[in-house]
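Quick notes on the structure that follows.
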Amino acid sequence: MTRHKNELEIVRVSKSFGGVAALSDVSLTIKPGAVHSLVGENGAGKSTLGKIISGLHTADSGEVFLGGNKVHFKSPREALAHGIVTIAQELAIVPGLTVAENVLLGEEPRRFGFIRRKKLRKDFAELAKRVGFEFSPNTLAGSLSVAEQQKIEILRALSRNASIIIMDEPTAALSRQEAEALHTVIRNLSAAGTTVILVSHFLSEVLELSDTISVLRDGILIKTAPASECSQESLIELMLGRSLGAIYPEKVFPHHSAPTVLFVNNLCAAGVSNAWLSVRAGEILGIAGLVGSGRTELARAIFRDSKINSGTIEINGVRITGKAPLAALQRGISMLPESRKDLGLLIERSIQENITLSSVSKWSRLGIINPRREKYVVEKILEKVVVKSSGIKQKVSHLSGGNQQKVLLARTIMSNPRVLIVDEPTRGVDVGSKRAIYDLLVALAQDGLGIIAISSDLEEVLGIAHRVLVIRGGRIVSELSGRSMSEHAVLEAAFTEKS
Amino acid sequence: MPQTTENWTRFLPSSMRSWRNAGIFLPFLILFITLSIASDPFLRTVNLLNILDQQSGILIIAAAGTLILVSGSIDLSVGATYALVGCVSAQFALTHSVFSSVVLGLLLGLGVGIVNGVVVAILKINSLIATLAMSFVIGGLGSKITEGNLIVLAEKPEYGKIAQSSLLGVNSSIWIMVFVVITLGFLLTRTTTGRYIIAAGGNSQAARLAGIRVSFVKIIAFGLSGMAAGLAGMIDASRVLSASAALGSTLAFTVLAGIVVGGTSIAGGEGSVWRTAVGVLFIALIGNGFDLIGIDPLYKQITLGGILLIAVGLDAWARNNRR
């Protein structure tokens with residue numbers, strides 16, 4: 001039997017990092033032209049598998065065959081020579097170069113060492129046409145959205161004749177619209193014979209796009225099956241090794257006499273116009289909208305992270321004055337920022353230090369930190385927020401995304417807020433930790449906190465919020481509660497131009 | 001790799017167990033033992049105290065400089081501040097009491113540091129350029145005040161008491177240095193201000209969102225750096241009973257070399273004062289050792305440059321390996 005030259009076969013591959021097995025004895029065949037998804041919790045080994053295929057990691061044992069021939073890539077460059085390309089979460093584009101220059105970076109047509117600009121644009125146009133992307137070649141790459149930038153990487157991969165493209169969480173940072181555009185691209189690639197290996201947390205996306213799905217758990221391949229035979233429930237059960245129950249906890253609505261804790265009165269700030277909203281004690285208010293609609297801007301304005309042009313913010317009837325997040329924190333507003341690595345964590349410091357950062361001055365006398373006291377308060381909060389770690393002195397860079405997020409949540413709770421704003425609380429977090437975070441938010445609301453939950457994941461907003469505000473172009477365009485809270489209603493409000 | 005690291009560091013206290021923390025300590029120990037064997041006069045108390053006495057000014061500036069680096073900035077103006085404060089304090093001491101001239105010097109150093117801090121933190125000018133520019137301004141002021149002359153304190157020998165008083169057979173310059181190093185080390189590791197300095201340098205956005213006044217914290221670090229530079233200037237003026245505005249031109253780099261050899265990251269967000277102290281002394285021992293053994297001083301510079309490259313290279317390597 002002759003094999004297709006792009007058939008990828010992985011035979012009994014194992015890999016460990018510092019004595020911890022990331023992959024054990026994984027065997028897998030990836031058919032040419034298929035969309036093959038790898039799913040699993042964080043740390044299940046799916047990214048490691050992708051990195052072994054693309055040559056970023058070398059397997060400790062086992063073999064990889066491409067078209068029946070044994071291959072052993074020692075670097076991504078070698079994998080590339082065999083047509084295997086990875087599009088990572090962190091994009092590798094040069095913002096100051098144009099789209100065309102980025103696509104053909106390093107392979108520019110030249111003569112006597114000078115780049116032939118016309119030829120470059122022509123090559124680009126041909127390529128874009130072949131794939132069906134509409135792109136102005138002269139736009140600066142830095143001015144494009146993340147989704148468009150991803151397309152640049154895809155084009156770059158194709159320009160190097162990639163036959164197997166590995167995508168690691170390609171839609172994690174995309175709006176729904178952009179994600180859908182990318183889905184179309186993936187389908188077209190597959191239809192044109194390119195193999196796509198998709199690593200993703202979004203099970204609905206995986207089910208929609210994939211031909212085949214492989215589930216990994218703790219470095220072991222649990223199952224490979226055609227997508228048509230899988231469902232979200234069955235995948236989750238395979239990923240966790242147990243049934244998760246519902247994805248979202250049961251909603252506990254606030255008592256009808258619960259007081260209003262946060263009142264935002266006609267707020268205008270960068271990216272936000274005339275926002276009115278209120279949150280009651282025990283209420284979880286969801287904020288939905290497209291990426292760039294002003295969701296995060298609204299959160300930042302309430303948290304006093306951006307300048308307010310007019311309007312007021314009141315906590316329990318007391319107006320917040322003063323600038324900077326410190327003012328908001330002192331009055332009882334806490335925020336979990338949207339990007340934990342850029343805006344939240346001190347990645348090289350310990351769990352303990354990260355947790356106490358906002359509150360350390362409160363329980364320190366004369367600015368001197370009592371180590372025993374610090375250990376005590378950290379351990380106390382960790383009874384509530386369970387973080388899997390080797391100890392409170394462990395660096396947060398060694399934790400999984402879900403546990404990092406919990407460390408940040410612990411920090412926000414430590415400052416004893418009355419209102420908690422969570423922006424993308426479960427981005428890049430595995431299924432198991434997601435539920436833990438939801439449970440925590442529900443428990444906090446029951447303790448009487450007012451919570452504002454912002455998310456790109458519409459299901460999540462609807463799954464945990466008691467009431468949803470839809471924001472578009474910086475304005476709150478719709479308020480949904482009770483039975484009117486549906487995906488359809490939110491999308492209609494988020495997209496419709498009128499109002 | 002990780003296993004081997006554990007093996008040879010097992011005998012160290014836990015705070016030193018990672019290579020980064022132990023980093024400078026072992027080479028220092030090896031150098032110290034080697035010099036003790038290779039040169040008879042090295043291990044004499046006189047020689048060791050002499051080294052500490054000579055290095056006290058640099059150690060004081062480097063201890064504060066560690067805070068600056070941890071906070072994510074750099075201070076190139078310490079040499080100029082050192083000279084300015086030395087001159088102003090010495091000049092003032094000619095007509096006033098030693099005590100008041102020390103207080104004046106400390107306040108002047110603090111003031112210069114705060115100006116640096118404001119320029120960096122509030123006006124948001126890159127600290128490398130800002131403090132370079134400030135060093136010209138401060139240096140110019142120093143030359144103006146002294147009119148280019150050496151200020152001689154021969155008529156005011158009491159000024160020498162600042163650095164040359166002896167307590168338990170050890171000069172006051174060393175006592176002051178030990179006090180400053182311990183105080184600043186404590187500040188960085190055990191106080192809220194220290195935490196805030198680390199946070200500001202590690203991730204200033206995150207620090208701001210966590211409710212930290214990042215600008216204020218940076219100004220504190222610069223204020224301390226200016227004050228330390230001033231103190232060092234007065235100690236050295238007191239040791240030789242003279243001061244000149246022309247001094248200190250390469251001081252900022254010597255200090256920086258000590259901090260970096262000690263293993264504090266130039267990227268900010270981490271570092272330790274005691275390691276800086278070991279780093280500065282490591283460089284000093286190399287100089288002292290070369291002199292005692294009688295190697296051409298030319299090689300001293302080359303060796304120092306090599307060590308600095310290794311230190312920075314290890315830092316970069318460690319950061320890349322984390323990914």
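Just so we're on the same page: first chain in the structure tokens is A, next is B, and so on; residues restart at 1 for each chain, and ligands are numbered from 1 in the order they show up.
Distance criterion 7 Å to chain B, applied with only C-alpha atoms, yields Pro325, Leu326, Leu329, Asp342, Leu343, Gly344, Leu345, Leu346, Leu357, Ser358, Val360, Ser361, Gly367, Ile368 and Ile369 of chain A on chain A.
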**Report entry** Shell around B:Ala245 at 7 Å using only C-alpha atoms, local window under 3 positions removed, as number ranges by chain
**Finding:** B: 83-84, 87, 139, 142-143, 146, 148
Picked from stretch 3-129 of chain A by DSSP as alpha helix (DSSP H), as JSON, numbers by chain
{"A": [46, 47, 48, 49, 50, 51, 52, 53, 76, 77, 78, 79, 80, 81, 99, 100, 101, 102, 103, 117, 118, 119, 120, 121, 122, 123, 124, 125, 126, 127, 128, 129]}
Exercise. Near stretch 451-464 of chain A, counting only C-alpha atoms, which residues have an atom at most 8 Å away, once you skip same-chain residues fewer than 3 positions from it, shown as a ChimeraX atom specification?
Worked result: /A:175-176,248-249,251,279,282-291,295-296,419-425,438,441,445,468,485-487
Exercise for the section: Find the distance between atom CA of A:Gly62 and atom CA of A:Arg12 and write it in Å to one decimal. Expected result: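 Separating atom CA of A:Gly62 from atom CA of A:Arg12 is a distance of 4.7 Å.
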message = Could you check the closest approach to B:Phe99 for each of B:Leu167, B:Ile122, B:Leu150, B:Ile162 and tell me which residue wins, using only C-alpha atoms?
response =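 Using only C-alpha atoms, the shortest distance to B:Phe99 belongs to B:Ile162.
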Env of B:Ser56: 8 Å cut, atoms = only C-alpha atoms, seq-sep filter 4 positions within chain, self excluded. Answer as a tab-separated table (two decimals) with C-alpha atoms, in the first residue's frame.
```
chain	number	residue	atom	x	y	z
B	52	LEU	CA	36.10	47.15	52.67
B	60	ILE	CA	26.54	52.06	49.46
B	173	SER	CA	33.06	54.11	56.79
B	174	ILE	CA	32.65	50.33	56.99
B	177	MET	CA	28.26	50.81	54.71
B	232	ALA	CA	29.34	57.94	49.47
```
Q: Per DSSP on the backbone, filter stretch 16-114 of chain A down to the residues in strand (DSSP E or B) and report them as number ranges by chain.
A: A: 16-17, 20-30, 35-39, 61-66, 69-71, 84-87, 98, 110-111, 114
>> Excluding stretch 219-231 of chain A and its own-chain neighbours fewer than 6 positions away, which residues fall within 12 Å of it when counting only C-alpha atoms? Please give them as a PyMOL selection string.
In response: chain A and resi 10-17+20-31+34-49+203-213+237-241
- Task: Identify which of the residues A:Ser257, A:Thr356, A:Ser200, A:Asn6 lies closest to A:Ser214, counting only C-alpha atoms when measuring atom-to-atom distances.
- Result: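 Comparing A:Ser257, A:Thr356, A:Ser200, A:Asn6 against A:Ser214, the winner is A:Ser200.
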The residue from B:Ala163, B:Ala133, B:Leu104, B:Ile30 with the smallest atom-to-atom distance to B:Leu241, counting only C-alpha atoms, is B:Ala163
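Atom CA of B:Leu108 is positioned 28.8 Å from atom CA of B:Gly262.
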Residues near stretch 127-137 of chain A, anyone? I mean within 9 Å using only C-alpha atoms, not counting same-chain ones fewer than 6 positions away, as a list of chain:residue names. A:Thr98, A:Val99, A:Ala100, A:Glu101, A:Arg121, A:Glu148, A:Lys151, A:Leu155, A:Leu158, A:Ser159, A:Val185, A:Asn188, A:Leu189, A:Ala192
For those residues, write N, CA and C atoms to a file as a PDB file, in the first residue's frame.
```
ATOM      1  N   THR A  98       4.679  46.011   5.733  1.00  0.00           N
ATOM      2  CA  THR A  98       3.357  45.862   5.139  1.00  0.00           C
ATOM      3  C   THR A  98       2.954  44.403   5.136  1.00  0.00           C
ATOM      4  N   VAL A  99       1.686  44.191   4.787  1.00  0.00           N
ATOM      5  CA  VAL A  99       1.147  42.838   4.726  1.00  0.00           C
ATOM      6  C   VAL A  99       1.986  41.979   3.783  1.00  0.00           C
ATOM      7  N   ALA A 100       2.230  42.482   2.581  1.00  0.00           N
ATOM      8  CA  ALA A 100       2.963  41.700   1.591  1.00  0.00           C
ATOM      9  C   ALA A 100       4.377  41.400   2.068  1.00  0.00           C
ATOM     10  N   GLU A 101       5.015  42.394   2.676  1.00  0.00           N
ATOM     11  CA  GLU A 101       6.384  42.191   3.154  1.00  0.00           C
ATOM     12  C   GLU A 101       6.437  41.147   4.265  1.00  0.00           C
ATOM     13  N   ARG A 121       4.872  42.412  -4.703  1.00  0.00           N
ATOM     14  CA  ARG A 121       3.426  42.653  -4.641  1.00  0.00           C
ATOM     15  C   ARG A 121       2.677  41.685  -5.547  1.00  0.00           C
ATOM     16  N   GLU A 148      -6.787  39.311  11.297  1.00  0.00           N
ATOM     17  CA  GLU A 148      -6.131  39.611  10.023  1.00  0.00           C
ATOM     18  C   GLU A 148      -4.659  39.237  10.082  1.00  0.00           C
ATOM     19  N   LYS A 151      -4.197  35.736   9.508  1.00  0.00           N
ATOM     20  CA  LYS A 151      -4.265  35.415   8.080  1.00  0.00           C
ATOM     21  C   LYS A 151      -2.905  35.635   7.420  1.00  0.00           C
ATOM     22  N   LEU A 155      -0.988  32.880   5.275  1.00  0.00           N
ATOM     23  CA  LEU A 155      -0.455  33.117   3.927  1.00  0.00           C
ATOM     24  C   LEU A 155       1.037  32.836   3.869  1.00  0.00           C
ATOM     25  N   LEU A 158       1.563  29.232   3.670  1.00  0.00           N
ATOM     26  CA  LEU A 158       1.245  28.682   2.347  1.00  0.00           C
ATOM     27  C   LEU A 158       2.286  29.099   1.315  1.00  0.00           C
ATOM     28  N   SER A 159       2.844  30.292   1.480  1.00  0.00           N
ATOM     29  CA  SER A 159       3.849  30.744   0.523  1.00  0.00           C
ATOM     30  C   SER A 159       5.082  29.850   0.581  1.00  0.00           C
ATOM     31  N   VAL A 185     -11.659  29.980   6.619  1.00  0.00           N
ATOM     32  CA  VAL A 185     -10.317  29.786   6.075  1.00  0.00           C
ATOM     33  C   VAL A 185      -9.858  28.351   6.298  1.00  0.00           C
ATOM     34  N   ASN A 188     -11.537  26.004   3.947  1.00  0.00           N
ATOM     35  CA  ASN A 188     -11.002  26.117   2.586  1.00  0.00           C
ATOM     36  C   ASN A 188      -9.638  25.452   2.465  1.00  0.00           C
ATOM     37  N   LEU A 189      -8.818  25.634   3.480  1.00  0.00           N
ATOM     38  CA  LEU A 189      -7.493  25.017   3.460  1.00  0.00           C
ATOM     39  C   LEU A 189      -7.631  23.510   3.355  1.00  0.00           C
ATOM     40  N   ALA A 192      -8.701  22.326   0.075  1.00  0.00           N
ATOM     41  CA  ALA A 192      -7.645  22.404  -0.931  1.00  0.00           C
ATOM     42  C   ALA A 192      -6.542  21.375  -0.679  1.00  0.00           C
TER      43      ALA A 192
END
```
One residue among B:Ser89, B:Thr183, B:Ser127, B:Ser265 is nearest to B:Ser244 when using only C-alpha atoms, and that residue is B:Ser89
note - atom CA of B:Val70 and atom CA of B:Gly279 are separated by 15.6 Å
message = Set the distance at 10 Å and use only C-alpha atoms: which residues neighbour stretch 373-380 of chain A once local chain neighbours fewer than 6 positions away are removed? I'd like the list as an NGL selection string.
response = :A and (351-356 or 360 or 363-364 or 386 or 391-393 or 410-411 or 414)
Counting only C-alpha atoms, which residue out of A:Ile333, A:Val431, A:Ile87, A:Ala81 sits closest to A:Ile236?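 Ranked by minimum distance to A:Ile236, first place goes to A:Val431.
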